[in-house]
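Trainee: Here it is: the structure, laid out below.
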Amino acid sequence: MRSMLSLSHYLENFAALFPRHVNEDPWTFCANIQSLLTERLKGLSTDYVVKGHVAIHKNARIEENVVLKGPCIIGEGCFVGAHAYLRGGVFLGEKVSVGPGCEIKSSCILPGSALAHFNFVGDSLLGSGVNMEAGSIICNHFNERIEKAIHVLVDHQKLATGVTKFGALVGDNVKIGANAVLSPGTILAPASVVKRLELVEQVQ
């Protein structure tokens, strides 16, 4: 049974990009992102250069020493800085900027969002116009807990996700300050602001 969480409420552009998945929970989408992107690779236009399971738009810019482990789709006008590491199924929408030294794992980042540098984003859905300042991270696993199941808080209700790896659902135009930490299971409404050095832990 899925939750009553509506992705379209948080991510305005999601339905246009992934119309078959609008009724999924974000943790389900992230858990299945590898197979989803593998299938999506088959229908890409000739505007993409495809090598194995990695597709890069011809107008995207990839700096030196970037590691791309497929499946991975990097959209038009994207920038990926030196020494970034993308793995486990990654989708970057148009004009997404990923700064030097970032790691992204099993995540979807919608158009116009930016990771400054030295960020980690794991098993997450990020909306459009999201900005993560330097060193801010989205954790995807409770390494320190014996019980590792992840819960989320939606409309003041604690919901079980049924997974042990899920980072965050970050709504459109959210701003995350430098060195902030989002705990596993974070849900941020559009236009939220996370202060620098803040720990977001919505479910104890």
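Chains: A, B, ... in order of the structure tokens. Residues: from 1 per chain. Ligands: from 1, in order shown.
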Just list as a PyMOL selection string whatever in range 1-125 of chain A DSSP marks as strand (DSSP E or B).
Mentor: chain A and resi 48-51+54-57+61-62+67-68+72-74+79-80+85-92+97-98+103-109+114-115+120-122+125
Trainee: Which neighbours of range 157-167 of chain A fall inside 8 Å, counting only C-alpha atoms, when residues of the same chain fewer than 6 positions from it are skipped, and could you give them as a ChimeraX atom specification?
Mentor: /A:3,27,30,121-124,138-142,148-151,182-186,203
Trainee: Please list as a VMD selection string every residue within 9 Å of range 48-51 of chain A, counting only C-alpha atoms and excluding residues in the same chain fewer than 4 positions away.
Mentor: chain A and resid 41 44 55 to 59 73 to 76
Trainee: Considering only C-alpha atoms, state which residue in the set A:Ala178, A:Leu188, A:Ala31, A:Val98 is at the smallest distance from His83 in chain A.
Mentor: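 So, comparing all the options, the nearest one is A:Val98.
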Trainee: Find, counting only C-alpha atoms, the residue in A:Gly89, A:Ser192, A:Pro100, A:Ile33 that gets nearest to Asn65 in chain A.
Mentor: A:Pro100
Trainee: I need the residue nearest Lys95 in chain A from this list: A:Ala60, A:Val67, A:Leu126, A:Cys72. Use only C-alpha atoms for the distance.
Mentor: A:Ala60
Trainee: What is the CA of His21 in chain A to CA of Leu125 in chain A distance in Å?
Mentor: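 A separation of 12.4 Å between them.
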Trainee: If you count only C-alpha atoms, which residues fall within 8 Å of range 111-117 of chain A, apart from same-chain ones fewer than 6 positions away, as a PyMOL selection string?
Mentor: chain A and resi 92-102+126-135
Trainee: So that I can check the secondary structure, give me every residue of range 31-201 of chain A assigned alpha helix (DSSP H) by backbone DSSP, as number ranges by chain.
Mentor: A: 31, 33-41
Trainee: How would the residues just chosen look if you wrote them out with C-alpha atoms as a JSON list (two decimals), in the first residue's frame?
Mentor:
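Okay, again11.json is ready:
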```
[["chain", "number", "residue", "atom", "x", "y", "z"],
["A", 31, "ALA", "CA", 14.89, 1.84, -5.46],
["A", 33, "ILE", "CA", 15.88, 3.88, -10.77],
["A", 34, "GLN", "CA", 18.50, 1.59, -12.31],
["A", 35, "SER", "CA", 15.98, -0.46, -14.28],
["A", 36, "LEU", "CA", 13.97, 2.67, -15.11],
["A", 37, "LEU", "CA", 16.98, 4.46, -16.60],
["A", 38, "THR", "CA", 18.19, 1.35, -18.42],
["A", 39, "GLU", "CA", 14.84, 1.29, -20.22],
["A", 40, "ARG", "CA", 14.86, 5.05, -20.82],
["A", 41, "LEU", "CA", 18.28, 4.84, -22.49]]
```
Trainee: For Pro190 in chain A, which residue out of A:Phe79, A:Met4, A:Phe118, A:Tyr10 is the nearest one, using only C-alpha atoms?
Mentor: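 Going through A:Phe79, A:Met4, A:Phe118, A:Tyr10 one by one, the smallest distance to Pro190 in chain A is for A:Tyr10.
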Trainee: Report, in Å to a single decimal, how far apart CA of Val154 in chain A and CA of Val193 in chain A are.
Mentor: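 Result for CA of Val193 in chain A versus CA of Val154 in chain A: 17.8 Å, one decimal.
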Trainee: Counting only C-alpha atoms, what is within 8 Å of Phe14 in chain A, bar same-chain residues fewer than 6 positions away, as a tab-separated table (two decimals) with all heavy atoms, in the first residue's frame?
Mentor:
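This is the output file result.tsv:
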```
chain	number	residue	atom	x	y	z
A	7	LEU	N	3.90	13.34	-5.44
A	7	LEU	CA	5.15	13.88	-5.99
A	7	LEU	C	4.93	15.19	-6.72
A	7	LEU	O	5.78	16.09	-6.67
A	7	LEU	CB	5.79	12.85	-6.93
A	7	LEU	CG	6.47	11.65	-6.27
A	7	LEU	CD1	7.02	10.71	-7.32
A	7	LEU	CD2	7.57	12.11	-5.32
A	8	SER	N	3.82	15.33	-7.41
A	8	SER	CA	3.56	16.56	-8.19
A	8	SER	C	3.43	17.78	-7.29
A	8	SER	O	3.65	18.91	-7.73
A	8	SER	CB	2.30	16.39	-9.05
A	8	SER	OG	1.18	16.12	-8.24
A	22	VAL	N	4.32	9.00	-11.65
A	22	VAL	CA	3.82	10.08	-10.80
A	22	VAL	C	3.11	9.56	-9.55
A	22	VAL	O	3.00	10.28	-8.55
A	22	VAL	CB	2.87	11.02	-11.58
A	22	VAL	CG1	3.64	11.82	-12.61
A	22	VAL	CG2	1.75	10.23	-12.24
A	110	LEU	N	16.20	17.21	-10.91
A	110	LEU	CA	15.40	17.84	-11.95
A	110	LEU	C	16.03	19.16	-12.44
A	110	LEU	O	16.96	19.68	-11.80
A	110	LEU	CB	13.97	18.05	-11.46
A	110	LEU	CG	13.22	16.75	-11.12
A	110	LEU	CD1	11.78	17.04	-10.73
A	110	LEU	CD2	13.25	15.76	-12.28
A	127	GLY	N	14.02	18.35	-6.67
A	127	GLY	CA	13.21	19.11	-7.62
A	127	GLY	C	14.01	20.07	-8.46
A	127	GLY	O	15.25	20.05	-8.47
```
Trainee: From the list A:Ile187, A:Leu68, A:Ala16, A:Ala84, which residue is nearest Ala168 in chain A when using only C-alpha atoms?
Mentor: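 Result for the nearest residue to Ala168 in chain A: A:Ile187.
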Trainee: Enter the distance from CA of Glu63 in chain A to CA of Gly81 in chain A, in Å, rounded to one decimal.
Mentor: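 A separation of 5.2 Å between them.
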Trainee: Nearest residue to His53 in chain A out of A:Gly88, A:Gly177, A:Gly77, A:Pro26, using only C-alpha atoms?
Mentor: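 Among the listed residues, the smallest separation from His53 in chain A belongs to A:Gly88.
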